[in-house]
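Peer 1: So that you have it, the file is entry24.pdb, and it contains PDB, C-alpha atoms:
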ATOM      1  CA  MET A 177       0.000   0.000   0.000
ATOM      2  CA  SER A 178       1.462   3.340  -1.027
ATOM      3  CA  GLY A 179       1.774   6.247   1.368
ATOM      4  CA  ARG A 180      -0.700   8.194  -0.683
ATOM      5  CA  ASP A 181      -3.279   5.418  -0.548
ATOM      6  CA  GLY A 182      -2.863   5.195   3.215
ATOM      7  CA  ALA A 183      -3.341   8.946   3.624
ATOM      8  CA  ASP A 184      -6.543   8.785   1.598
ATOM      9  CA  MET A 185      -7.838   5.999   3.814
ATOM     10  CA  VAL A 186      -7.041   7.956   6.975
ATOM     11  CA  THR A 187      -8.830  11.017   5.551
ATOM     12  CA  ARG A 188     -11.861   8.981   4.598
ATOM     13  CA  GLY A 189     -12.020   7.294   7.953
ATOM     14  CA  ALA A 190     -11.575  10.403  10.113
ATOM     15  CA  ARG A 191     -14.522  12.468  11.361
ATOM     16  CA  PRO A 192     -13.876  16.187  10.755
ATOM     17  CA  PRO A 193     -14.627  18.681  13.523
ATOM     18  CA  PRO A 194     -17.837  20.732  13.248
ATOM     19  CA  ALA A 195     -17.520  23.787  11.047
ATOM     20  CA  HIS A 196     -17.528  27.143  12.821
ATOM     21  CA  PRO A 197     -20.994  28.753  12.538
ATOM     22  CA  HIS A 198     -19.560  32.055  11.246
ATOM     23  CA  ARG A 199     -15.862  31.980  10.398
ATOM     24  CA  ARG A 200     -14.135  30.270   7.487
ATOM     25  CA  ARG A 201     -10.465  29.440   7.031
ATOM     26  CA  GLU A 202     -10.670  30.546   3.401
ATOM     27  CA  PRO A 203     -12.916  33.413   2.294
ATOM     28  CA  LEU A 204     -15.492  32.804  -0.407
ATOM     29  CA  PRO A 205     -15.232  34.763  -3.659
ATOM     30  CA  TRP A 206     -17.961  37.235  -2.726
ATOM     31  CA  HIS A 207     -16.411  38.152   0.650
ATOM     32  CA  ALA A 208     -14.562  41.062  -0.966
ATOM     33  CA  PRO A 209     -15.568  43.447  -3.770
ATOM     34  CA  LYS A 210     -13.907  43.321  -7.155
ATOM     35  CA  PRO A 211     -10.512  45.002  -6.697
ATOM     36  CA  ALA A 212      -9.420  48.173  -8.467
ATOM     37  CA  ASP A 213      -6.368  46.464  -9.937
ATOM     38  CA  GLU A 214      -8.748  44.359 -12.029
ATOM     39  CA  ASP A 215     -11.079  47.237 -12.924
ATOM     40  CA  PRO A 216     -10.278  50.772 -11.701
ATOM     41  CA  ASP A 217     -13.965  51.762 -11.811
ATOM     42  CA  ALA A 218     -15.208  48.651  -9.969
ATOM     43  CA  PRO A 219     -15.061  50.026  -6.363
ATOM     44  CA  ARG A 220     -17.124  53.079  -7.314
ATOM     45  CA  ARG A 221     -19.700  50.982  -9.102
ATOM     46  CA  VAL A 222     -19.969  48.516  -6.219
ATOM     47  CA  GLN A 223     -20.453  51.380  -3.760
ATOM     48  CA  ALA A 224     -23.208  52.815  -5.958
ATOM     49  CA  ILE A 225     -25.003  49.475  -5.778
ATOM     50  CA  LEU A 226     -24.588  49.269  -1.993
ATOM     51  CA  ASP A 227     -25.992  52.808  -1.614
ATOM     52  CA  SER A 228     -29.019  52.126  -3.801
ATOM     53  CA  PRO A 229     -32.366  51.923  -1.914
ATOM     54  CA  THR A 230     -33.208  48.795  -3.876
ATOM     55  CA  TYR A 231     -30.324  46.968  -2.198
ATOM     56  CA  ARG A 232     -31.659  47.520   1.322
ATOM     57  CA  PRO A 233     -33.373  44.503   2.897
ATOM     58  CA  ALA A 234     -37.110  45.135   2.733
ATOM     59  CA  ASP A 235     -37.582  44.927   6.522
ATOM     60  CA  ARG A 236     -34.965  47.692   6.995
ATOM     61  CA  ASP A 237     -36.059  49.961   4.174
ATOM     62  CA  VAL A 238     -38.167  52.598   5.896
ATOM     63  CA  ASP A 239     -38.965  54.404   2.648
ATOM     64  CA  PHE A 240     -40.283  51.165   1.178
ATOM     65  CA  LEU A 241     -42.316  50.373   4.290
ATOM     66  CA  ASP A 242     -43.865  53.862   4.157
ATOM     67  CA  LEU A 243     -45.323  53.317   0.677
ATOM     68  CA  ASP A 244     -49.090  53.129   0.232
ATOM     69  CA  ALA A 245     -48.555  49.695  -1.319
ATOM     70  CA  THR A 246     -47.061  48.306   1.910
ATOM     71  CA  ARG A 247     -49.715  49.668   4.284
ATOM     72  CA  GLY A 248     -51.034  46.158   4.846
ATOM     73  CA  VAL A 249     -47.641  45.024   6.124
ATOM     74  CA  ARG A 250     -47.439  48.032   8.452
ATOM     75  CA  LEU A 251     -50.877  47.264   9.843
ATOM     76  CA  GLN A 252     -49.840  43.685  10.530
ATOM     77  CA  ILE A 253     -46.629  44.504  12.370
ATOM     78  CA  ASP A 254     -48.299  47.392  14.242
ATOM     79  CA  TYR A 255     -50.701  44.781  15.601
ATOM     80  CA  ARG A 256     -48.342  41.845  15.985
ATOM     81  CA  LYS A 257     -45.545  43.357  18.096
ATOM     82  CA  PRO A 258     -47.704  44.299  21.131
ATOM     83  CA  GLU A 259     -49.724  41.116  20.765
ATOM     84  CA  LEU A 260     -46.645  38.906  21.036
ATOM     85  CA  LEU A 261     -45.245  40.804  24.001
ATOM     86  CA  LEU A 262     -48.533  40.944  25.912
ATOM     87  CA  ASP A 263     -48.935  37.198  25.396
ATOM     88  CA  ARG A 264     -45.367  36.644  26.594
ATOM     89  CA  TYR A 265     -46.162  38.643  29.738
ATOM     90  CA  GLY A 266     -49.244  36.527  30.434
ATOM     91  CA  VAL A 267     -51.740  39.383  30.102
ATOM     92  CA  GLU A 268     -55.182  37.867  29.633
ATOM     93  CA  HIS A 269     -57.470  40.822  30.402
ATOM     94  CA  THR A 270     -57.207  44.556  30.932
ATOM     95  CA  ILE A 271     -59.014  47.349  32.740
ATOM     96  CA  VAL A 272     -58.804  50.339  30.401
ATOM     97  CA  VAL A 273     -58.658  53.829  31.926
ATOM     98  CA  PHE A 274     -59.027  57.042  29.941
ATOM     99  CA  GLY A 275     -59.338  60.722  30.739
ATOM    100  CA  SER A 276     -58.015  64.176  30.048
ATOM    101  CA  THR A 277     -54.290  64.750  29.650
ATOM    102  CA  ARG A 278     -54.864  68.291  30.950
ATOM    103  CA  ILE A 279     -56.054  67.368  34.451
ATOM    104  CA  ARG A 280     -52.843  67.352  36.452
ATOM    105  CA  GLU A 281     -52.132  66.336  40.020
ATOM    106  CA  PRO A 282     -53.467  68.851  42.591
ATOM    107  CA  VAL A 283     -50.062  70.325  43.496
ATOM    108  CA  ALA A 284     -49.215  71.023  39.849
ATOM    109  CA  ALA A 285     -52.701  72.416  39.153
ATOM    110  CA  GLN A 286     -52.409  74.716  42.163
ATOM    111  CA  ARG A 287     -49.025  75.999  40.983
ATOM    112  CA  ARG A 288     -50.540  76.808  37.589
ATOM    113  CA  VAL A 289     -53.289  78.888  39.225
ATOM    114  CA  GLU A 290     -50.801  80.722  41.446
ATOM    115  CA  ALA A 291     -48.533  81.529  38.492
ATOM    116  CA  LEU A 292     -51.456  83.025  36.564
ATOM    117  CA  LEU A 293     -52.527  85.069  39.594
ATOM    118  CA  VAL A 294     -49.045  86.575  39.753
ATOM    119  CA  ARG A 295     -49.147  87.470  36.064
ATOM    120  CA  LEU A 296     -52.619  88.958  36.415
ATOM    121  CA  ARG A 297     -51.498  91.188  39.291
ATOM    122  CA  ASP A 298     -48.876  92.600  36.954
ATOM    123  CA  ALA A 299     -51.437  93.053  34.165
ATOM    124  CA  PRO A 300     -54.838  93.755  35.780
ATOM    125  CA  GLY A 301     -57.768  93.672  33.407
ATOM    126  CA  ASP A 302     -56.001  91.451  30.843
ATOM    127  CA  ALA A 303     -58.994  89.570  29.395
ATOM    128  CA  GLU A 304     -56.913  86.710  27.997
ATOM    129  CA  LEU A 305     -55.158  86.119  31.332
ATOM    130  CA  GLU A 306     -58.483  86.231  33.158
ATOM    131  CA  GLN A 307     -59.863  83.578  30.818
ATOM    132  CA  ARG A 308     -56.792  81.374  31.259
ATOM    133  CA  LEU A 309     -57.059  81.756  35.031
ATOM    134  CA  ALA A 310     -60.735  80.743  34.962
ATOM    135  CA  VAL A 311     -59.875  77.590  33.001
ATOM    136  CA  ALA A 312     -56.942  76.803  35.326
ATOM    137  CA  GLU A 313     -59.227  77.124  38.341
ATOM    138  CA  ARG A 314     -61.721  74.706  36.798
ATOM    139  CA  LEU A 315     -58.918  72.260  36.058
ATOM    140  CA  LEU A 316     -57.743  72.649  39.662
ATOM    141  CA  ALA A 317     -61.247  71.752  40.854
ATOM    142  CA  LYS A 318     -61.149  68.611  38.688
ATOM    143  CA  SER A 319     -57.644  67.660  39.879
ATOM    144  CA  ARG A 320     -59.282  65.635  42.646
ATOM    145  CA  TYR A 321     -59.964  63.042  39.943
ATOM    146  CA  TYR A 322     -56.200  62.569  39.648
ATOM    147  CA  ASP A 323     -56.267  61.154  43.167
ATOM    148  CA  VAL A 324     -59.304  58.996  42.335
ATOM    149  CA  ALA A 325     -57.598  57.571  39.234
ATOM    150  CA  ARG A 326     -54.398  56.960  41.190
ATOM    151  CA  GLU A 327     -56.290  55.075  43.876
ATOM    152  CA  LEU A 328     -58.081  53.045  41.206
ATOM    153  CA  GLY A 329     -54.681  52.100  39.779
ATOM    154  CA  ARG A 330     -53.613  50.899  43.230
ATOM    155  CA  LEU A 331     -56.737  48.768  43.587
ATOM    156  CA  ILE A 332     -56.290  47.169  40.172
ATOM    157  CA  GLY A 333     -52.565  46.613  40.717
ATOM    158  CA  ALA A 334     -53.034  44.976  44.125
ATOM    159  CA  ALA A 335     -55.951  42.749  43.067
ATOM    160  CA  GLY A 336     -55.890  39.032  42.386
ATOM    161  CA  ALA A 337     -52.861  37.140  43.622
ATOM    162  CA  GLY A 338     -50.823  40.333  44.022
ATOM    163  CA  PRO A 339     -48.644  42.655  41.933
ATOM    164  CA  ASP A 340     -47.069  39.787  39.986
ATOM    165  CA  ASP A 341     -50.451  38.463  38.851
ATOM    166  CA  HIS A 342     -50.591  39.596  35.217
ATOM    167  CA  ARG A 343     -53.900  37.993  34.305
ATOM    168  CA  VAL A 344     -55.789  41.288  34.671
ATOM    169  CA  MET A 345     -53.715  44.420  34.188
ATOM    170  CA  LEU A 346     -54.315  48.150  34.025
ATOM    171  CA  MET A 347     -54.063  49.667  30.539
ATOM    172  CA  THR A 348     -54.073  53.378  29.645
ATOM    173  CA  GLY A 349     -53.323  55.570  26.674
ATOM    174  CA  GLY A 350     -49.879  56.151  28.135
ATOM    175  CA  GLY A 351     -50.055  59.926  28.384
ATOM    176  CA  PRO A 352     -50.165  62.444  31.249
ATOM    177  CA  GLY A 353     -53.155  63.528  33.324
ATOM    178  CA  MET A 354     -55.711  60.882  34.212
ATOM    179  CA  MET A 355     -53.748  58.132  32.494
ATOM    180  CA  GLU A 356     -50.581  59.051  34.360
ATOM    181  CA  ALA A 357     -52.533  58.940  37.611
ATOM    182  CA  ALA A 358     -53.822  55.410  36.969
ATOM    183  CA  ASN A 359     -50.394  54.069  35.920
ATOM    184  CA  ARG A 360     -48.894  55.807  38.947
ATOM    185  CA  GLY A 361     -51.302  54.051  41.281
ATOM    186  CA  ALA A 362     -50.243  50.654  39.941
ATOM    187  CA  PHE A 363     -46.620  51.768  40.269
ATOM    188  CA  ASP A 364     -47.293  52.706  43.912
ATOM    189  CA  VAL A 365     -48.056  49.079  44.757
ATOM    190  CA  ARG A 366     -45.196  47.735  42.591
ATOM    191  CA  ALA A 367     -47.569  46.318  40.029
ATOM    192  CA  HIS A 368     -46.988  46.291  36.282
ATOM    193  CA  SER A 369     -49.195  48.335  33.973
ATOM    194  CA  ILE A 370     -49.561  48.978  30.245
ATOM    195  CA  GLY A 371     -49.468  52.160  28.178
ATOM    196  CA  LEU A 372     -50.389  52.490  24.510
ATOM    197  CA  ASN A 373     -48.897  55.623  22.964
ATOM    198  CA  ILE A 374     -49.353  56.831  19.397
ATOM    199  CA  THR A 375     -47.000  58.437  16.872
ATOM    200  CA  LEU A 376     -48.095  62.056  16.360
ATOM    201  CA  PRO A 377     -46.719  65.026  14.398
ATOM    202  CA  HIS A 378     -45.585  66.464  17.736
ATOM    203  CA  GLU A 379     -43.705  64.157  20.095
ATOM    204  CA  GLN A 380     -45.844  62.364  22.693
ATOM    205  CA  TYR A 381     -43.898  61.376  25.766
ATOM    206  CA  PRO A 382     -45.105  58.426  27.846
ATOM    207  CA  ASN A 383     -45.783  59.034  31.493
ATOM    208  CA  PRO A 384     -42.977  57.722  33.739
ATOM    209  CA  TYR A 385     -45.051  55.153  35.652
ATOM    210  CA  ILE A 386     -45.725  52.625  32.870
ATOM    211  CA  THR A 387     -43.787  49.370  32.971
ATOM    212  CA  PRO A 388     -41.085  49.973  30.313
ATOM    213  CA  GLU A 389     -41.502  46.512  28.763
ATOM    214  CA  LEU A 390     -45.247  47.166  28.412
ATOM    215  CA  CYS A 391     -45.229  50.624  26.849
ATOM    216  CA  PHE A 392     -45.960  50.508  23.126
ATOM    217  CA  ARG A 393     -46.076  53.182  20.434
ATOM    218  CA  PHE A 394     -48.430  52.655  17.515
ATOM    219  CA  HIS A 395     -48.446  54.137  14.041
ATOM    220  CA  TYR A 396     -52.160  53.559  13.431
ATOM    221  CA  PHE A 397     -54.962  54.757  15.686
ATOM    222  CA  ALA A 398     -57.069  51.846  14.433
ATOM    223  CA  ILE A 399     -54.614  49.208  15.672
ATOM    224  CA  ARG A 400     -54.188  51.050  18.981
ATOM    225  CA  LYS A 401     -57.967  51.051  19.409
ATOM    226  CA  LEU A 402     -58.041  47.336  18.613
ATOM    227  CA  HIS A 403     -55.562  46.620  21.405
ATOM    228  CA  PHE A 404     -57.522  48.769  23.856
ATOM    229  CA  LEU A 405     -60.575  46.562  23.438
ATOM    230  CA  LEU A 406     -59.064  43.187  22.539
ATOM    231  CA  ARG A 407     -58.561  42.194  26.200
ATOM    232  CA  ALA A 408     -60.745  44.807  27.887
ATOM    233  CA  ARG A 409     -62.909  43.677  30.775
ATOM    234  CA  ALA A 410     -63.958  47.236  31.668
ATOM    235  CA  LEU A 411     -63.602  50.813  30.434
ATOM    236  CA  VAL A 412     -63.337  53.657  32.948
ATOM    237  CA  ALA A 413     -63.675  57.145  31.478
ATOM    238  CA  PHE A 414     -62.619  60.075  33.652
ATOM    239  CA  PRO A 415     -63.468  63.658  32.629
ATOM    240  CA  GLY A 416     -61.836  64.357  29.287
ATOM    241  CA  GLY A 417     -62.144  65.819  25.820
ATOM    242  CA  TYR A 418     -62.151  64.599  22.238
ATOM    243  CA  GLY A 419     -59.834  61.640  22.786
ATOM    244  CA  THR A 420     -61.802  60.410  25.788
ATOM    245  CA  PHE A 421     -65.109  60.864  23.960
ATOM    246  CA  ASP A 422     -63.697  58.972  20.984
ATOM    247  CA  GLU A 423     -62.831  55.873  23.006
ATOM    248  CA  LEU A 424     -65.978  56.065  25.116
ATOM    249  CA  PHE A 425     -68.491  56.316  22.283
ATOM    250  CA  GLU A 426     -66.669  53.817  20.117
ATOM    251  CA  THR A 427     -66.871  51.300  22.963
ATOM    252  CA  LEU A 428     -70.538  52.071  23.632
ATOM    253  CA  THR A 429     -71.335  51.680  19.919
ATOM    254  CA  LEU A 430     -69.587  48.309  19.748
ATOM    255  CA  ILE A 431     -71.514  47.129  22.823
ATOM    256  CA  GLN A 432     -74.803  48.580  21.568
ATOM    257  CA  THR A 433     -74.454  46.702  18.282
ATOM    258  CA  ARG A 434     -73.066  43.613  20.067
ATOM    259  CA  LYS A 435     -70.015  43.731  17.858
ATOM    260  CA  ILE A 436     -68.190  42.987  21.114
ATOM    261  CA  ARG A 437     -69.502  41.300  24.221
ATOM    262  CA  PRO A 438     -70.788  43.796  26.777
ATOM    263  CA  VAL A 439     -68.274  44.993  29.368
ATOM    264  CA  PRO A 440     -68.835  47.435  32.215
ATOM    265  CA  VAL A 441     -68.409  51.076  31.222
ATOM    266  CA  ILE A 442     -68.054  53.534  34.106
ATOM    267  CA  LEU A 443     -68.115  57.313  33.801
ATOM    268  CA  ALA A 444     -66.044  58.657  36.692
ATOM    269  CA  GLY A 445     -67.351  62.054  37.782
ATOM    270  CA  GLU A 446     -71.136  62.102  37.494
ATOM    271  CA  ARG A 447     -71.460  65.880  37.665
ATOM    272  CA  TYR A 448     -69.066  66.376  34.754
ATOM    273  CA  TRP A 449     -70.491  63.646  32.567
ATOM    274  CA  ARG A 450     -74.161  64.559  33.051
ATOM    275  CA  ARG A 451     -73.428  68.042  31.758
ATOM    276  CA  ALA A 452     -71.021  66.930  29.026
ATOM    277  CA  VAL A 453     -73.389  64.304  27.590
ATOM    278  CA  ASP A 454     -77.158  64.556  28.035
ATOM    279  CA  VAL A 455     -78.068  60.920  27.482
ATOM    280  CA  ASP A 456     -81.637  61.445  28.698
ATOM    281  CA  PHE A 457     -82.074  63.997  25.917
ATOM    282  CA  LEU A 458     -80.864  61.437  23.364
ATOM    283  CA  VAL A 459     -83.448  58.943  24.647
ATOM    284  CA  GLU A 460     -86.223  61.559  24.566
ATOM    285  CA  GLU A 461     -85.273  62.484  21.002
ATOM    286  CA  GLY A 462     -85.492  58.834  19.984
ATOM    287  CA  VAL A 463     -81.953  58.601  18.630
ATOM    288  CA  ILE A 464     -81.027  55.890  21.157
ATOM    289  CA  ASP A 465     -83.217  53.392  23.015
ATOM    290  CA  PRO A 466     -83.830  53.438  26.770
ATOM    291  CA  GLU A 467     -81.822  50.224  27.118
ATOM    292  CA  ASP A 468     -78.801  52.000  25.600
ATOM    293  CA  ARG A 469     -78.801  54.283  28.623
ATOM    294  CA  ASP A 470     -78.066  51.216  30.744
ATOM    295  CA  LEU A 471     -74.796  50.378  28.975
ATOM    296  CA  PHE A 472     -72.866  52.494  31.515
ATOM    297  CA  TRP A 473     -73.129  53.955  34.993
ATOM    298  CA  TYR A 474     -71.637  56.800  37.004
ATOM    299  CA  ALA A 475     -69.243  56.590  39.939
ATOM    300  CA  ASP A 476     -67.221  59.094  41.945
ATOM    301  CA  SER A 477     -64.744  57.081  44.021
ATOM    302  CA  ALA A 478     -62.111  54.492  43.193
ATOM    303  CA  GLU A 479     -63.716  51.931  45.500
ATOM    304  CA  GLU A 480     -67.107  52.452  43.881
ATOM    305  CA  ILE A 481     -65.613  51.997  40.425
ATOM    306  CA  TRP A 482     -63.596  48.890  41.270
ATOM    307  CA  HIS A 483     -66.260  47.127  43.317
ATOM    308  CA  GLY A 484     -68.803  47.911  40.592
ATOM    309  CA  ILE A 485     -66.598  46.224  37.996
ATOM    310  CA  LEU A 486     -66.109  43.163  40.211
ATOM    311  CA  GLU A 487     -69.819  42.863  40.989
ATOM    312  CA  TRP A 488     -70.771  43.280  37.316
ATOM    313  CA  HIS A 489     -68.526  40.370  36.334
ATOM    314  CA  GLU A 490     -69.743  38.201  39.196
ATOM    315  CA  ALA A 491     -73.333  38.812  38.082
ATOM    316  CA  ASN A 492     -72.312  38.114  34.486
ATOM    317  CA  GLY A 493     -70.683  34.806  35.399
ATOM    318  CA  THR A 494     -67.252  36.068  34.303
ATOM    319  CA  PRO A 495     -65.310  36.682  37.542
ATOM    320  CA  LEU A 496     -62.087  38.553  36.959
ATOM    321  CA  PHE A 497     -60.028  36.347  39.269
ATOM    322  CA  PRO A 498     -61.628  32.908  39.577
ATOM    323  CA  GLY A 499     -60.641  31.380  42.908
ATOM    324  CA  HIS A 500     -59.309  34.649  44.355
ATOM    325  CA  ASP A 501     -60.811  37.594  46.195
ATOM    326  CA  ALA A 502     -60.136  40.352  43.681
ATOM    327  CA  ARG A 503     -60.585  43.119  46.216
ATOM    328  CA  ALA A 504     -57.403  44.509  47.711
ATOM    329  CA  PRO A 505     -57.052  43.779  51.432
ATOM    330  CA  ASP A 506     -58.144  46.462  53.864
ATOM    331  CA  PRO A 507     -55.008  47.956  55.512
ATOM    332  CA  ALA A 508     -56.909  48.082  58.810
ATOM    333  CA  GLU A 509     -57.426  44.316  58.823
ATOM    334  CA  PRO A 510     -54.863  42.159  60.653
TER     335      PRO A 510
END
Produce structure tokens that represent the structure in this file.
Peer 2:
Amino acid sequence: MSGRDGADMVTRGARPPPAHPHRRREPLPWHAPKPADEDPDAPRRVQAILDSPTYRPADRDVDFLDLDATRGVRLQIDYRKPELLLDRYGVEHTIVVFGSTRIREPVAAQRRVEALLVRLRDAPGDAELEQRLAVAERLLAKSRYYDVARELGRLIGAAGAGPDDHRVMLMTGGGPGMMEAANRGAFDVRAHSIGLNITLPHEQYPNPYITPELCFRFHYFAIRKLHFLLRARALVAFPGGYGTFDELFETLTLIQTRKIRPVPVILAGERYWRRAVDVDFLVEEGVIDPEDRDLFWYADSAEEIWHGILEWHEANGTPLFPGHDARAPDPAEP
């Protein structure tokens, strides 16, 4: 047997080590561009190809993804990302809280009034300042709802098996005001909570009390609205403006038409809501039915809101926390 034949047999009989997942001992032909010594114009031409938008991978080509033709893809990923992460977190149901971004915590609202009073003393009779002061004073009067929303957040966060129970979680629009207050209440009891922000022409900052891993920013209002109601087991609307009305009436319409299963809808702040929306007038005018008036109720305290939600679901046969007392323990109890 020749030496060469023996070497071939050894090679055929040996088991080579696994190839490295990334590195090679010898580069492949396409690992380097065509060199200039073969074609002086080649490097420039290769760079032109690399810089061309058509060469970008589709999932990294923002200009391509912004085309009208790819709107369907954008809608899908706008929906899918939060859905995957909420599932990973074990979020089964949500309590959705909305309200004005302009109603600040009482201390901040008081400072705003005091600052306007100072300016008005320097410019007595200024009609614009007087109007701004009147609005600030009304917002200060409504700032008590910040405390109500914050307490509601605490009750939701502490319910079930405790702060680490993610089956039912607080969800807000992620902004300041009433939504900040609710997220802050959950934060107070070390519970996680969700915020759904939206991309706007002017930057929208999330409030600082949302769980970072559960704060999402959407491109489409429609997909954001979908996620608000997809897991919702209740909607709580604090005093607010267009955005609050939008979510409230959309939810009531979906319940009215039974496009979604009924869920409790609570209007926090009876005095505000009775003046803002005259539902009795709508019934009298025949544009809604008397039974549509019963799709929501009013409440003024966090305890009233939370216990009303729990009792509604018990009566409906859909308890929020089967096998657990969903009410937070009374601090006075041993």
Peer 1: Looking at A:Trp482, A:Phe397, A:Trp473, A:Trp206, which one is nearest to A:Ala325, with distances taken over only C-alpha atoms?
Peer 2: A:Trp482
Peer 1: For stretch 350-419 of chain A against stretch 423-426 of chain A, with a cut-off of 8 Å and counting all atoms listed in the file, what is the closest atom pair and its distance in Å to one decimal for every residue that makes the cut, ordered by chain and number, as JSON lines?
Peer 2:
{"residue": "A:Lys401", "atom": "CA", "partner": "A:Glu423", "partner_atom": "CA", "distance": 7.7}
{"residue": "A:Leu411", "atom": "CA", "partner": "A:Leu424", "partner_atom": "CA", "distance": 7.8}
{"residue": "A:Ala413", "atom": "CA", "partner": "A:Leu424", "partner_atom": "CA", "distance": 6.9}
{"residue": "A:Gly419", "atom": "CA", "partner": "A:Glu423", "partner_atom": "CA", "distance": 6.5}
Peer 1: To test your reading of the syntax: which residues would the PyMOL selection byres ((chain A and resi 356-359) around 7) return for the file shown? Reply as a count of residues only.
Peer 2: 19
Peer 1: For each of A:Asp364, A:Leu496, A:Asn373, A:Ala491, take the minimum atom-to-atom distance to A:Met345, counting all atoms listed in the file, then give the residue where this is smallest.
Peer 2: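 Result for the nearest residue to A:Met345: A:Leu496.
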Peer 1: Quick check, in Å to one decimal: how far apart do atom CA of A:Leu390 and atom CA of A:Arg256 lie?
Peer 2: 13.9 Å
Peer 1: Which is closer to A:Lys318 than all the others in A:Asp244, A:Asp422, A:Glu487, A:Asp476, using all atoms listed in the file?
Peer 2: A:Asp476
Peer 1: Hey, can you check how far atom CA of A:Asp468 sits from atom CA of A:Gln432?
Peer 2: 6.6 Å
Peer 1: So, counting all atoms listed in the file, which residue among A:Leu430, A:Ala312, A:Ala444, A:Ala410 is closest to A:Leu486?
Peer 2: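 The closest residue to A:Leu486 is A:Ala410.
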Peer 1: Convert the output of the PyMOL selection byres ((chain A and resi 404) around 9) on the shown file into explicit residues, formatted as a list of chain:residue names.
Peer 2: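 After applying the PyMOL selection byres ((chain A and resi 404) around 9), what remains is A:Thr270, A:Val272, A:Met347, A:Thr348, A:Gly349, A:Leu372, A:Ile399, A:Arg400, A:Lys401, A:Leu402, A:His403, A:Leu405, A:Leu406, A:Arg407, A:Ala408, A:Glu423.
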Peer 1: A:Ala212: which residues within 12 Å, counting all atoms listed in the file, same-chain residues fewer than 6 positions away excluded, as a short mmCIF file (atom, residue, chain, number, x, y, z; two decimals) with C-alpha atoms, keeping the file's coordinate frame?
Peer 2:
data_model
loop_
_atom_site.label_atom_id
_atom_site.label_comp_id
_atom_site.auth_asym_id
_atom_site.auth_seq_id
_atom_site.Cartn_x
_atom_site.Cartn_y
_atom_site.Cartn_z
CA ALA A 218 -15.21 48.65 -9.97
CA PRO A 219 -15.06 50.03 -6.36
CA ARG A 220 -17.12 53.08 -7.31
CA ARG A 221 -19.70 50.98 -9.10
CA VAL A 222 -19.97 48.52 -6.22
#
Peer 1: Let me have the centre and edge lengths in Å, one decimal, of the box along x, y and z around every listed atom of stretch 480-498 of chain A with 5 Å of margin on each side, as lines of an AutoDock Vina configuration file.
Peer 2:
center_x = -66.7
center_y = 42.7
center_z = 39.1
size_x = 23.3
size_y = 29.5
size_z = 19.6
Peer 1: Name the residues that the PyMOL selection byres ((chain A and resi 391) around 6) pulls out of this structure, and write them as a list in words.
Peer 2: Ile370, Gly371, Leu372, Pro388, Glu389, Leu390 and Phe392 of chain A
Peer 1: Please produce a file of those selected residues containing C-alpha atoms, as a PDB file, keeping the file's coordinate frame.
Peer 2:
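Contents of the output file out_21.pdb:
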ATOM      1  CA  ILE A 370     -49.561  48.978  30.245  1.00  0.00           C
ATOM      2  CA  GLY A 371     -49.468  52.160  28.178  1.00  0.00           C
ATOM      3  CA  LEU A 372     -50.389  52.490  24.510  1.00  0.00           C
ATOM      4  CA  PRO A 388     -41.085  49.973  30.313  1.00  0.00           C
ATOM      5  CA  GLU A 389     -41.502  46.512  28.763  1.00  0.00           C
ATOM      6  CA  LEU A 390     -45.247  47.166  28.412  1.00  0.00           C
ATOM      7  CA  PHE A 392     -45.960  50.508  23.126  1.00  0.00           C
TER       8      PHE A 392
END
Peer 1: Between A:Ala452, A:Val441, A:Val412, A:Val283, which is the closest to A:Ala478 once you count all atoms listed in the file?
Peer 2: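 Between A:Ala452, A:Val441, A:Val412, A:Val283, the residue approaching A:Ala478 most closely is A:Val412.
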Peer 1: If you count all atoms listed in the file, which residues fall within 9 Å of stretch 251-253 of chain A, apart from same-chain ones fewer than 5 positions away, as a PyMOL selection string?
Peer 2: chain A and resi 246+258+395-396+398-399
Peer 1: Take atom CA of A:Pro384 and atom CA of A:Phe414 and report the distance between them in Å, one decimal.
Peer 2: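 Answer for the atom CA of A:Pro384 to atom CA of A:Phe414 separation: 19.8 Å.
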Peer 1: Counting only C-alpha atoms, which residue out of A:Ile374, A:Val294, A:Phe274, A:Val267 sits closest to A:Phe421?
Peer 2: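 Distance minimum relative to A:Phe421 lands on A:Phe274.
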Peer 1: Applying 9 Å and all atoms listed in the file, which residues near stretch 298-311 of chain A remain after dropping the ones on its own chain fewer than 6 positions away? List them as a PDB file with C-alpha atoms, keeping the file's coordinate frame.
Peer 2:
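See selection-v9.pdb below for the written result:
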ATOM      1  CA  ARG A 288     -50.540  76.808  37.589  1.00  0.00           C
ATOM      2  CA  VAL A 289     -53.289  78.888  39.225  1.00  0.00           C
ATOM      3  CA  LEU A 292     -51.456  83.025  36.564  1.00  0.00           C
TER       4      LEU A 292
END
